[in-house]
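Okay, model27.txt is below, compact mmCIF, C-alpha atoms and all ligand atoms:
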# COMPACT_ATOMS: atom_id res chain seq x y z
CA MET U 1 47.35 -20.06 0.96
CA SER U 2 43.76 -20.43 2.11
CA LYS U 3 40.99 -19.47 -0.29
CA THR U 4 38.78 -16.44 0.25
CA ALA U 5 35.01 -16.84 -0.03
CA LEU U 6 32.66 -13.87 -0.23
CA ILE U 7 29.10 -14.60 0.93
CA THR U 8 26.19 -12.26 0.30
CA GLY U 9 23.23 -13.01 2.55
CA VAL U 10 25.66 -14.12 5.26
CA THR U 11 23.17 -13.27 8.03
CA GLY U 12 20.51 -15.63 6.60
CA GLN U 13 19.89 -19.33 7.21
CA ASP U 14 22.12 -20.58 4.38
CA GLY U 15 24.76 -17.87 4.86
CA THR U 16 25.25 -19.03 8.44
CA TYR U 17 25.52 -22.75 7.62
CA LEU U 18 27.79 -22.03 4.66
CA SER U 19 30.10 -19.76 6.72
CA ARG U 20 30.49 -22.46 9.36
CA TYR U 21 31.18 -25.09 6.70
CA LEU U 22 33.74 -23.07 4.72
CA LEU U 23 35.54 -22.01 7.91
CA ARG U 24 35.81 -25.70 8.85
CA LEU U 25 37.33 -26.34 5.42
CA GLY U 26 39.97 -23.65 6.08
CA TYR U 27 38.55 -20.77 4.03
CA ARG U 28 38.82 -17.10 4.91
CA VAL U 29 35.19 -15.93 4.87
CA CYS U 30 33.99 -12.43 4.20
CA GLY U 31 30.27 -11.68 4.50
CA VAL U 32 28.21 -8.82 3.10
CA VAL U 33 25.79 -7.31 5.62
CA ARG U 34 23.19 -4.64 4.92
CA ARG U 35 22.40 -1.84 7.27
CA ALA U 36 19.41 -2.36 9.56
CA SER U 37 18.07 -0.18 12.36
CA LEU U 38 18.51 -3.05 14.81
CA PRO U 39 21.27 -5.71 14.76
CA ASN U 40 20.58 -8.35 12.08
CA THR U 41 23.51 -10.64 12.92
CA ALA U 42 21.84 -12.92 15.51
CA ARG U 43 22.56 -16.12 13.55
CA ILE U 44 26.25 -15.32 13.04
CA ASP U 45 26.95 -13.69 16.43
CA PRO U 46 28.83 -16.79 17.69
CA LEU U 47 31.10 -16.61 14.61
CA LEU U 48 31.65 -12.88 15.15
CA ALA U 49 32.62 -13.54 18.78
CA ASP U 50 35.18 -16.16 17.67
CA ALA U 51 36.48 -13.77 15.00
CA ARG U 52 36.98 -10.99 17.59
CA GLU U 53 39.15 -13.38 19.61
CA GLY U 54 41.18 -14.12 16.49
CA LYS U 55 40.05 -17.77 16.43
CA ILE U 56 38.61 -17.73 12.92
CA PRO U 57 39.19 -15.66 9.74
CA PHE U 58 35.67 -14.26 9.46
CA ALA U 59 34.86 -10.63 8.64
CA LEU U 60 31.92 -8.52 7.56
CA MET U 61 31.62 -5.71 5.03
CA SER U 62 28.68 -3.33 4.58
CA GLY U 63 26.84 -3.56 1.30
CA ASP U 64 23.46 -3.93 -0.32
CA MET U 65 22.37 -5.86 -3.40
CA THR U 66 20.72 -2.72 -4.76
CA ASP U 67 23.98 -0.72 -4.66
CA SER U 68 26.32 -1.41 -7.60
CA GLY U 69 29.12 0.90 -6.42
CA GLY U 70 29.31 -0.73 -3.01
CA LEU U 71 29.35 -4.24 -4.47
CA HIS U 72 32.09 -3.19 -6.90
CA ARG U 73 34.18 -1.83 -4.00
CA ILE U 74 33.72 -5.02 -1.97
CA LEU U 75 34.93 -7.19 -4.86
CA GLU U 76 37.86 -4.85 -5.52
CA GLU U 77 38.94 -5.02 -1.87
CA THR U 78 38.43 -8.75 -1.31
CA GLU U 79 39.30 -10.25 -4.74
CA PRO U 80 37.55 -13.48 -3.65
CA ASP U 81 38.25 -16.92 -5.09
CA GLU U 82 34.59 -17.84 -4.67
CA ILE U 83 31.43 -15.77 -4.38
CA TYR U 84 28.24 -17.32 -3.01
CA ASN U 85 25.34 -15.03 -3.89
CA LEU U 86 22.75 -15.94 -1.26
CA ALA U 87 21.30 -12.47 -0.59
CA ALA U 88 17.66 -12.15 -1.60
CA GLN U 89 14.22 -11.02 -0.64
CA SER U 90 13.52 -14.71 -0.21
CA HIS U 91 9.85 -14.81 0.83
CA VAL U 92 7.54 -15.82 -2.03
CA ARG U 93 4.36 -14.41 -0.43
CA VAL U 94 6.09 -11.10 0.34
CA SER U 95 7.26 -10.80 -3.27
CA PHE U 96 3.64 -10.23 -4.35
CA ASP U 97 3.57 -7.14 -2.07
CA THR U 98 7.05 -5.88 -3.06
CA PRO U 99 7.48 -7.00 -6.68
CA GLU U 100 9.76 -4.20 -7.88
CA TYR U 101 12.05 -4.38 -4.84
CA THR U 102 12.22 -8.17 -5.18
CA ALA U 103 13.16 -7.85 -8.87
CA ASP U 104 15.86 -5.33 -7.97
CA VAL U 105 17.49 -7.41 -5.21
CA ASP U 106 16.95 -10.92 -6.59
CA GLY U 107 17.15 -10.22 -10.33
CA LEU U 108 19.45 -7.23 -10.81
CA GLY U 109 21.55 -7.96 -7.69
CA PRO U 110 23.34 -10.97 -9.21
CA LEU U 111 23.82 -9.07 -12.48
CA ARG U 112 25.57 -6.28 -10.55
CA ILE U 113 28.02 -8.77 -9.02
CA LEU U 114 28.67 -10.61 -12.27
CA ASP U 115 29.32 -7.33 -14.05
CA ALA U 116 31.72 -6.25 -11.29
CA ILE U 117 33.62 -9.54 -11.78
CA ARG U 118 33.87 -8.75 -15.47
CA THR U 119 34.87 -5.08 -15.22
CA LEU U 120 37.40 -5.68 -12.43
CA GLY U 121 39.17 -8.31 -14.56
CA LEU U 122 38.34 -11.08 -12.07
CA ALA U 123 36.79 -13.42 -14.68
CA GLU U 124 39.78 -15.79 -14.54
CA LYS U 125 40.04 -15.84 -10.76
CA THR U 126 36.59 -15.58 -9.20
CA ARG U 127 33.97 -18.33 -9.27
CA PHE U 128 30.32 -17.33 -8.80
CA TYR U 129 27.49 -19.38 -7.25
CA GLN U 130 23.90 -18.21 -7.74
CA ALA U 131 21.17 -19.27 -5.30
CA SER U 132 18.62 -20.38 -7.87
CA THR U 133 15.46 -22.09 -6.77
CA SER U 134 12.89 -24.80 -7.40
CA GLU U 135 10.35 -21.93 -7.57
CA LEU U 136 11.55 -21.57 -11.19
CA PHE U 137 9.55 -24.74 -12.00
CA GLY U 138 6.41 -23.17 -10.55
CA LYS U 139 3.42 -24.68 -12.31
CA VAL U 140 5.34 -27.86 -12.92
CA ARG U 141 5.52 -29.27 -16.44
CA GLN U 142 7.08 -32.60 -15.44
CA ASN U 143 7.53 -34.69 -12.33
CA PRO U 144 10.07 -35.01 -10.77
CA GLN U 145 11.87 -31.83 -11.86
CA THR U 146 15.41 -31.98 -13.27
CA GLU U 147 17.83 -29.47 -14.81
CA THR U 148 16.02 -29.86 -18.16
CA THR U 149 12.44 -29.39 -16.92
CA PRO U 150 10.91 -26.24 -18.46
CA PHE U 151 10.42 -23.31 -16.10
CA TYR U 152 7.05 -21.69 -15.30
CA PRO U 153 7.52 -19.04 -12.58
CA ARG U 154 4.45 -18.25 -10.47
CA SER U 155 5.53 -15.22 -8.40
CA PRO U 156 7.54 -12.00 -8.69
CA TYR U 157 10.18 -13.86 -6.64
CA ALA U 158 10.39 -16.66 -9.19
CA SER U 159 10.42 -14.25 -12.17
CA ALA U 160 13.29 -12.30 -10.61
CA LYS U 161 15.20 -15.53 -9.95
CA LEU U 162 14.58 -16.60 -13.56
CA PHE U 163 16.25 -13.41 -14.81
CA ALA U 164 19.20 -14.14 -12.52
CA TYR U 165 19.37 -17.77 -13.67
CA TRP U 166 19.77 -16.78 -17.32
CA THR U 167 22.14 -13.92 -16.48
CA VAL U 168 24.48 -16.46 -14.86
CA ILE U 169 24.44 -18.61 -17.98
CA ASN U 170 24.95 -15.59 -20.22
CA TYR U 171 27.98 -14.33 -18.26
CA ARG U 172 29.40 -17.86 -18.30
CA GLU U 173 29.05 -18.14 -22.07
CA ALA U 174 29.88 -14.54 -22.99
CA TYR U 175 32.85 -13.87 -20.68
CA GLY U 176 34.04 -17.32 -19.61
CA ILE U 177 33.26 -16.65 -15.93
CA PHE U 178 32.99 -19.80 -13.80
CA ALA U 179 29.37 -19.08 -12.87
CA SER U 180 26.94 -21.80 -11.77
CA ASN U 181 23.33 -22.08 -10.68
CA GLY U 182 22.33 -24.27 -7.75
CA ILE U 183 18.63 -24.99 -8.32
CA LEU U 184 17.85 -25.76 -4.72
CA PHE U 185 14.60 -27.19 -3.47
CA ASN U 186 13.27 -26.04 -0.08
CA HIS U 187 15.75 -26.56 2.72
CA GLU U 188 15.04 -25.94 6.35
CA SER U 189 16.68 -25.98 9.79
CA PRO U 190 16.33 -24.48 13.26
CA LEU U 191 17.79 -21.30 11.69
CA ARG U 192 14.95 -21.01 9.15
CA GLY U 193 13.09 -17.68 9.20
CA GLU U 194 10.01 -17.88 11.42
CA SER U 195 7.51 -16.97 8.68
CA PHE U 196 8.37 -19.92 6.41
CA VAL U 197 5.90 -22.73 6.88
CA THR U 198 8.15 -25.37 8.47
CA ARG U 199 9.53 -23.11 11.19
CA LYS U 200 6.18 -21.44 11.74
CA VAL U 201 4.58 -24.82 12.37
CA THR U 202 7.35 -26.31 14.56
CA ARG U 203 7.39 -23.13 16.69
CA ALA U 204 3.60 -23.13 16.97
CA ALA U 205 3.46 -26.81 17.96
CA ALA U 206 6.12 -26.21 20.64
CA ALA U 207 4.36 -23.06 21.90
CA ILE U 208 0.98 -24.85 22.10
CA LYS U 209 2.53 -27.77 23.98
CA LEU U 210 4.05 -25.33 26.47
CA GLY U 211 0.73 -23.50 26.90
CA LEU U 212 2.14 -20.33 25.31
CA ALA U 213 -0.30 -20.33 22.36
CA GLU U 214 -3.79 -21.66 21.65
CA LYS U 215 -3.64 -22.52 17.94
CA VAL U 216 -1.95 -21.75 14.62
CA SER U 217 -3.37 -20.25 11.41
CA VAL U 218 -1.99 -21.44 8.10
CA GLY U 219 -2.79 -21.22 4.36
CA ASN U 220 -2.80 -23.96 1.73
CA LEU U 221 -2.54 -27.33 3.52
CA ASP U 222 -2.34 -29.28 0.28
CA ALA U 223 0.77 -27.67 -1.23
CA CYS U 224 3.59 -30.24 -1.47
CA ARG U 225 7.28 -29.51 -1.10
CA ASP U 226 10.55 -31.40 -1.33
CA TRP U 227 12.05 -30.40 2.03
CA GLY U 228 15.74 -31.01 2.80
CA HIS U 229 18.18 -29.75 5.44
CA ALA U 230 20.19 -26.54 4.93
CA ALA U 231 23.38 -28.14 6.31
CA ASP U 232 23.31 -30.75 3.52
CA TYR U 233 22.56 -28.16 0.85
CA VAL U 234 25.43 -25.76 1.66
CA GLU U 235 27.84 -28.67 1.16
CA GLY U 236 26.30 -29.03 -2.31
CA MET U 237 26.87 -25.31 -3.00
CA HIS U 238 30.58 -25.76 -2.28
CA LEU U 239 30.77 -28.85 -4.50
CA ILE U 240 29.08 -26.93 -7.33
CA LEU U 241 31.74 -24.20 -7.23
CA ASN U 242 34.55 -26.74 -7.01
CA ALA U 243 33.41 -28.92 -9.90
CA GLU U 244 35.60 -29.33 -12.97
CA LYS U 245 33.41 -27.03 -15.01
CA ALA U 246 30.72 -24.46 -14.36
CA ASP U 247 27.24 -25.93 -14.70
CA ASP U 248 23.73 -25.89 -13.24
CA PHE U 249 22.57 -28.47 -10.69
CA VAL U 250 19.35 -29.45 -8.95
CA LEU U 251 19.75 -30.23 -5.23
CA ALA U 252 16.74 -32.05 -3.79
CA THR U 253 15.80 -35.08 -1.71
CA GLY U 254 13.44 -36.67 -4.27
CA GLU U 255 10.66 -36.93 -1.64
CA THR U 256 7.64 -34.68 -1.43
CA HIS U 257 5.33 -34.02 1.55
CA SER U 258 2.25 -31.85 1.96
CA VAL U 259 1.92 -28.97 4.40
CA ARG U 260 -0.80 -31.11 6.02
CA GLU U 261 1.75 -33.92 6.67
CA LEU U 262 4.17 -31.35 8.03
CA VAL U 263 1.54 -30.06 10.47
CA GLU U 264 0.56 -33.60 11.54
CA THR U 265 4.22 -34.55 12.09
CA ALA U 266 5.04 -31.47 14.17
CA PHE U 267 1.89 -31.76 16.29
CA HIS U 268 2.51 -35.47 16.81
CA LEU U 269 5.94 -34.57 18.23
CA ALA U 270 4.11 -32.18 20.58
CA GLY U 271 1.90 -35.05 21.79
CA PHE U 272 -1.25 -34.25 19.77
CA ASP U 273 -3.06 -36.62 17.42
CA LEU U 274 -4.68 -34.32 14.83
CA ILE U 275 -7.93 -35.01 13.03
CA TRP U 276 -9.26 -32.79 10.22
CA LYS U 277 -12.83 -31.54 9.86
CA GLY U 278 -14.50 -29.35 7.23
CA SER U 279 -13.05 -28.21 3.93
CA GLY U 280 -11.56 -25.16 2.17
CA ILE U 281 -11.15 -22.12 4.40
CA ASP U 282 -13.46 -23.74 6.99
CA GLU U 283 -11.18 -26.72 7.56
CA ILE U 284 -9.87 -27.14 11.11
CA GLY U 285 -7.41 -29.46 12.81
CA LEU U 286 -8.53 -30.80 16.21
CA ASP U 287 -6.81 -32.73 18.96
CA ARG U 288 -8.47 -36.17 18.81
CA LYS U 289 -8.40 -36.58 22.60
CA SER U 290 -9.70 -33.20 23.82
CA GLY U 291 -11.51 -31.94 20.70
CA ARG U 292 -9.56 -28.66 21.02
CA ILE U 293 -9.07 -26.67 17.78
CA LEU U 294 -5.32 -26.42 17.17
CA VAL U 295 -5.12 -25.50 13.46
CA GLU U 296 -7.27 -23.18 11.38
CA ILE U 297 -7.08 -21.63 7.92
CA ASP U 298 -6.49 -17.93 7.31
CA PRO U 299 -6.84 -16.89 3.64
CA LYS U 300 -4.20 -14.19 4.15
CA PHE U 301 -1.59 -16.95 3.89
CA PHE U 302 -2.79 -17.99 0.40
CA ARG U 303 -0.84 -16.71 -2.60
CA PRO U 304 -2.40 -15.11 -5.71
CA THR U 305 -0.76 -17.92 -7.71
CA GLU U 306 0.46 -21.01 -5.89
CA VAL U 307 3.15 -23.60 -6.60
CA GLU U 308 1.20 -26.74 -5.78
CA LEU U 309 3.81 -29.47 -6.06
CA LEU U 310 7.58 -29.67 -6.09
CA CYS U 311 9.70 -32.81 -6.15
CA GLY U 312 13.28 -32.74 -7.39
CA ASP U 313 15.55 -35.27 -9.04
CA ALA U 314 19.18 -34.64 -8.03
CA THR U 315 20.68 -37.47 -10.09
CA LYS U 316 23.02 -35.11 -11.95
CA ALA U 317 24.46 -33.72 -8.67
CA ARG U 318 24.87 -37.25 -7.32
CA LYS U 319 26.67 -38.50 -10.42
CA ILE U 320 28.91 -35.48 -11.12
CA LEU U 321 29.47 -34.03 -7.65
CA GLY U 322 28.92 -37.08 -5.45
CA TRP U 323 26.32 -35.06 -3.51
CA ARG U 324 23.42 -36.68 -1.68
CA PRO U 325 21.33 -35.38 1.24
CA LYS U 326 21.86 -37.10 4.59
CA ARG U 327 18.83 -35.98 6.62
CA THR U 328 15.23 -37.07 6.09
CA PHE U 329 11.98 -35.07 6.37
CA ARG U 330 11.29 -36.65 9.78
CA ASP U 331 14.84 -35.87 11.08
CA ILE U 332 14.46 -32.25 10.03
CA ILE U 333 11.07 -31.66 11.65
CA GLU U 334 12.23 -33.43 14.83
CA GLU U 335 15.35 -31.26 15.06
CA MET U 336 13.36 -28.07 14.44
CA PHE U 337 10.62 -28.98 16.91
CA GLN U 338 13.16 -29.85 19.62
CA PHE U 339 15.06 -26.63 19.02
CA ASP U 340 11.89 -24.53 19.28
CA PHE U 341 10.67 -26.46 22.32
CA ASP U 342 13.99 -25.92 24.14
CA ALA U 343 14.16 -22.25 23.11
CA LEU U 344 10.62 -21.52 24.30
CA SER U 345 10.84 -23.58 27.51
P1 LIG L 1 17.16 -15.92 4.18
O1 LIG L 1 17.35 -16.64 5.47
O2 LIG L 1 15.94 -15.13 3.95
O3 LIG L 1 18.42 -14.95 3.99
C1 LIG L 1 18.45 -13.96 3.02
C2 LIG L 1 19.70 -13.11 3.21
O4 LIG L 1 19.71 -12.07 2.21
C3 LIG L 1 19.78 -12.40 4.58
O5 LIG L 1 21.12 -12.39 4.99
C4 LIG L 1 19.32 -10.99 4.24
O6 LIG L 1 19.79 -10.00 5.12
C5 LIG L 1 19.97 -10.83 2.86
N1 LIG L 1 19.41 -9.73 2.09
C6 LIG L 1 18.10 -9.51 1.78
N2 LIG L 1 17.98 -8.38 1.06
C7 LIG L 1 19.23 -7.88 0.90
C8 LIG L 1 19.76 -6.72 0.26
N3 LIG L 1 18.97 -5.84 -0.37
N4 LIG L 1 21.11 -6.54 0.28
C9 LIG L 1 21.91 -7.40 0.94
N5 LIG L 1 21.47 -8.48 1.59
C10 LIG L 1 20.15 -8.72 1.56
O7 LIG L 1 17.30 -16.92 2.95
P2 LIG L 1 17.94 -18.40 2.90
O8 LIG L 1 16.87 -19.38 3.21
O9 LIG L 1 19.21 -18.42 3.66
O10 LIG L 1 18.22 -18.55 1.34
C11 LIG L 1 19.47 -18.14 0.77
C12 LIG L 1 19.29 -17.90 -0.72
O11 LIG L 1 18.85 -19.10 -1.34
C13 LIG L 1 18.25 -16.86 -1.11
O12 LIG L 1 18.73 -16.23 -2.27
C14 LIG L 1 17.01 -17.65 -1.41
O13 LIG L 1 16.21 -16.94 -2.32
C15 LIG L 1 17.63 -18.88 -2.04
N6 LIG L 1 16.90 -20.13 -1.90
C16 LIG L 1 16.49 -20.56 -0.68
C17 LIG L 1 15.88 -21.78 -0.54
C18 LIG L 1 15.45 -22.31 0.80
O14 LIG L 1 14.64 -23.24 0.83
N7 LIG L 1 15.98 -21.80 1.90
C19 LIG L 1 15.70 -22.60 -1.67
C20 LIG L 1 16.14 -22.14 -2.91
C21 LIG L 1 16.76 -20.91 -3.01
P3 LIG L 1 18.99 -9.66 6.50
O15 LIG L 1 19.42 -10.72 7.48
O16 LIG L 1 19.48 -8.30 6.81
O17 LIG L 1 17.52 -9.74 6.20
O1 LIG L 2 5.86 -22.06 1.76
C1 LIG L 2 2.37 -23.12 1.99
C2 LIG L 2 2.72 -22.09 0.95
O2 LIG L 2 6.85 -19.94 2.57
C3 LIG L 2 5.80 -23.44 1.45
C4 LIG L 2 11.76 -19.99 0.11
O3 LIG L 2 12.93 -20.39 0.79
O4 LIG L 2 11.45 -22.20 -0.75
C5 LIG L 2 10.83 -21.18 0.00
O5 LIG L 2 9.63 -20.76 -0.62
C6 LIG L 2 4.39 -23.83 1.09
C7 LIG L 2 3.70 -22.89 0.09
O6 LIG L 2 8.25 -21.61 1.26
C8 LIG L 2 1.51 -21.37 5.04
O7 LIG L 2 1.57 -21.63 0.25
C9 LIG L 2 0.66 -22.97 3.84
O8 LIG L 2 3.00 -23.65 -0.84
O9 LIG L 2 7.65 -22.13 3.56
P1 LIG L 2 7.16 -21.38 2.39
P2 LIG L 2 8.22 -21.44 -0.34
O10 LIG L 2 7.19 -20.49 -0.78
O11 LIG L 2 8.19 -22.82 -0.90
C10 LIG L 2 11.81 -21.83 -2.09
C11 LIG L 2 12.51 -23.01 -2.74
C12 LIG L 2 12.57 -20.57 -2.17
O12 LIG L 2 13.37 -20.38 -3.07
C13 LIG L 2 12.14 -19.47 -1.26
O13 LIG L 2 13.19 -18.52 -1.09
O14 LIG L 2 3.60 -23.76 2.27
N1 LIG L 2 1.82 -22.57 3.23
N2 LIG L 2 0.46 -22.23 4.93
C14 LIG L 2 2.37 -21.58 3.96
N3 LIG L 2 3.51 -20.87 3.78
C15 LIG L 2 3.80 -19.94 4.72
N4 LIG L 2 4.95 -19.23 4.59
N5 LIG L 2 2.97 -19.69 5.78
C16 LIG L 2 1.81 -20.39 5.99
O15 LIG L 2 1.10 -20.15 6.95
Let me see whether you can do it: turn the structure in this file into structure tokens.
Ligand code: NAP
Ligand code: F7E
Amino acid sequence: MSKTALITGVTGQDGTYLSRYLLRLGYRVCGVVRRASLPNTARIDPLLADAREGKIPFALMSGDMTDSGGLHRILEETEPDEIYNLAAQSHVRVSFDTPEYTADVDGLGPLRILDAIRTLGLAEKTRFYQASTSELFGKVRQNPQTETTPFYPRSPYASAKLFAYWTVINYREAYGIFASNGILFNHESPLRGESFVTRKVTRAAAAIKLGLAEKVSVGNLDACRDWGHAADYVEGMHLILNAEKADDFVLATGETHSVRELVETAFHLAGFDLIWKGSGIDEIGLDRKSGRILVEIDPKFFRPTEVELLCGDATKARKILGWRPKRTFRDIIEEMFQFDFDALS
């Protein structure tokens, strides 16, 4: 009998990579999709086409993280072996504009699912993965960050995810549910949302090279992130839920790069050698050869409180799960740039 996995956030970057991966492993995959006024399934449309032809066991159900009754019904109907809770208002900057909504979806959403597992008597059967985040470390207390580094959330997004993190541990200890947190550092891919900094920059570099845009505006160039590839990280999610015991794991590459390095790398791939002039909000990035301004700062991309530096130590995941990331920062930016260049050409 193949296992059934239920994925919330199936239409997102990670939901798409995870669906593909679990289907390859022989799982039956059921995804939760929320109602939108226009189709929101672009990333998983190829899977839906294969499912319609009966090639893969992949199905969707309507639901929303803010709707307890609907989530309860979905669990009752699917009785999944594994739940991957990936649904979230996942944009940190946006969480400052929609703090209550973000708390509802990202904080209470996981509680609703865990409580449905409990009340439906699925505690023995259903394993639960929570998409926790390196944003929990926020104003970092220690470098690199591990599972024992104290948390210091710096956004409504991070505060909501902190509530969810502890809810997972509480339901594990109180009701014996196999519930685990994956504390994942930033992970990117050609399927990354276009307003996250990596994808925004690779798209802009490709568009400028093709003459479709003049320049790009960004925020804090000096923030540093530990960027990995989503395809590597969804494999880690599966290992976390298939470990001997429920536990919490950091997944990270152990390397950190600034937004400035990211911009330089992407523009280099586009054939530009960037030099920087000025400072603060007046800083600009110019093409060394032509003197053309390609990068400028727009304060609207700054956050009221910023996470300046993240760098993870995934030793625990390597030792217990045998997980290690395969792709490097350079591989990831190259793949994303090439994808955007081909798509825009
Ligand atoms: P993403 O691309 O933004 O996808 C988020 C998913 O959540 C989408 O499918 C979205 O649906 C769905 N969603 C949002 N609000 C919902 C609601 N109210 N009810 C039901 N579904 C809802 O995010 P991602 O990058 O794949 O990340 C997956 C998860 O990992 C998120 O929980 C994120 O917070 C967390 N995380 C991400 C990273 C990272 O670097 N990518 C790192 C650590 C943790 P629509 O398609 O309809 O918008
Ligand atoms: O920002 C800086 C920005 O929005 C990265 C989510 O998946 O990872 C993601 O959150 C950094 C920040 O990702 C721009 O200030 C500069 O320091 O790509 P981002 P994030 O905030 O790190 C974590 C782990 C998650 O859990 C989240 O769900 O880049 N930055 N200029 C910019 N950021 C954006 N978006 N746009 C800019 O123009």
Q.
For a test of reading the model, state the distance in Å between CA of Arg24 (chain U) and CA of Gly54 (chain U), rounded to one decimal.
A.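 Taking CA of Arg24 (chain U) as the start and CA of Gly54 (chain U) as the end point, the length is 14.9 Å.
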Q.
Can you tell me which residues surround Asp287 (chain U) at a distance of at most 6 Å, considering only C-alpha atoms, apart from same-chain residues fewer than 2 positions away, and format the answer as number ranges by chain?
A. U: 272-274, 289-292
Q. Using all atoms listed in the file, which protein or nucleic acid residues are at most 7 Å from ligand LIG 1 (chain L), as an MDAnalysis selection string?
A. chainID U and resid 8:15 32:34 36 40:41 63:66 85:91 105 131:134 183:188 192:193
Q: Might you pull out every residue within 10 Å of Gln145 (chain U), with only C-alpha atoms counted and same-chain residues fewer than 3 positions away left off, and present them as an NGL selection string?
A: :U and (134 or 137 or 140-142 or 148-151 or 185 or 250 or 252 or 254 or 310-314)
(Q) If we draw a sphere of 12 Å around (1.7, -27.1, 19.0), which residues have at least one atom in it when counting only C-alpha atoms? Please report them as number ranges by chain. (A) U: 199-217, 263-274, 285-287, 292-295, 337-338, 340-341, 344
Fewer than 4 positions away in the same chain doesn't count, so skip those; otherwise give me all residues within 9 Å of Val259 (chain U), counting only C-alpha atoms, as a short mmCIF file (atom, residue, chain, number, x, y, z; two decimals) with C-alpha atoms, keeping the file's coordinate frame.
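Output (result-v4.cif):
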data_model
loop_
_atom_site.label_atom_id
_atom_site.label_comp_id
_atom_site.auth_asym_id
_atom_site.auth_seq_id
_atom_site.Cartn_x
_atom_site.Cartn_y
_atom_site.Cartn_z
CA VAL U 197 5.90 -22.73 6.88
CA THR U 198 8.15 -25.37 8.47
CA ASN U 220 -2.80 -23.96 1.73
CA LEU U 221 -2.54 -27.33 3.52
CA ASP U 222 -2.34 -29.28 0.28
CA ALA U 223 0.77 -27.67 -1.23
CA CYS U 224 3.59 -30.24 -1.47
CA ARG U 225 7.28 -29.51 -1.10
CA VAL U 263 1.54 -30.06 10.47
CA GLU U 264 0.56 -33.60 11.54
#
Q | Who sits within 10 Å of Met1 (chain U), all atoms listed in the file, same chain under 6 positions skipped, as a list in words | A |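 The neighbour list is Gly26, Tyr27 and Arg28 of chain U.
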Q) Quick one, how far is CA of Met336 (chain U) from CA of Arg324 (chain U)? A) 20.9 Å
Q: Rounded to one decimal place, report the CA of Ser279 (chain U)-atom C1 of ligand LIG 2 (chain L) distance in Å.
A: 16.4 Å
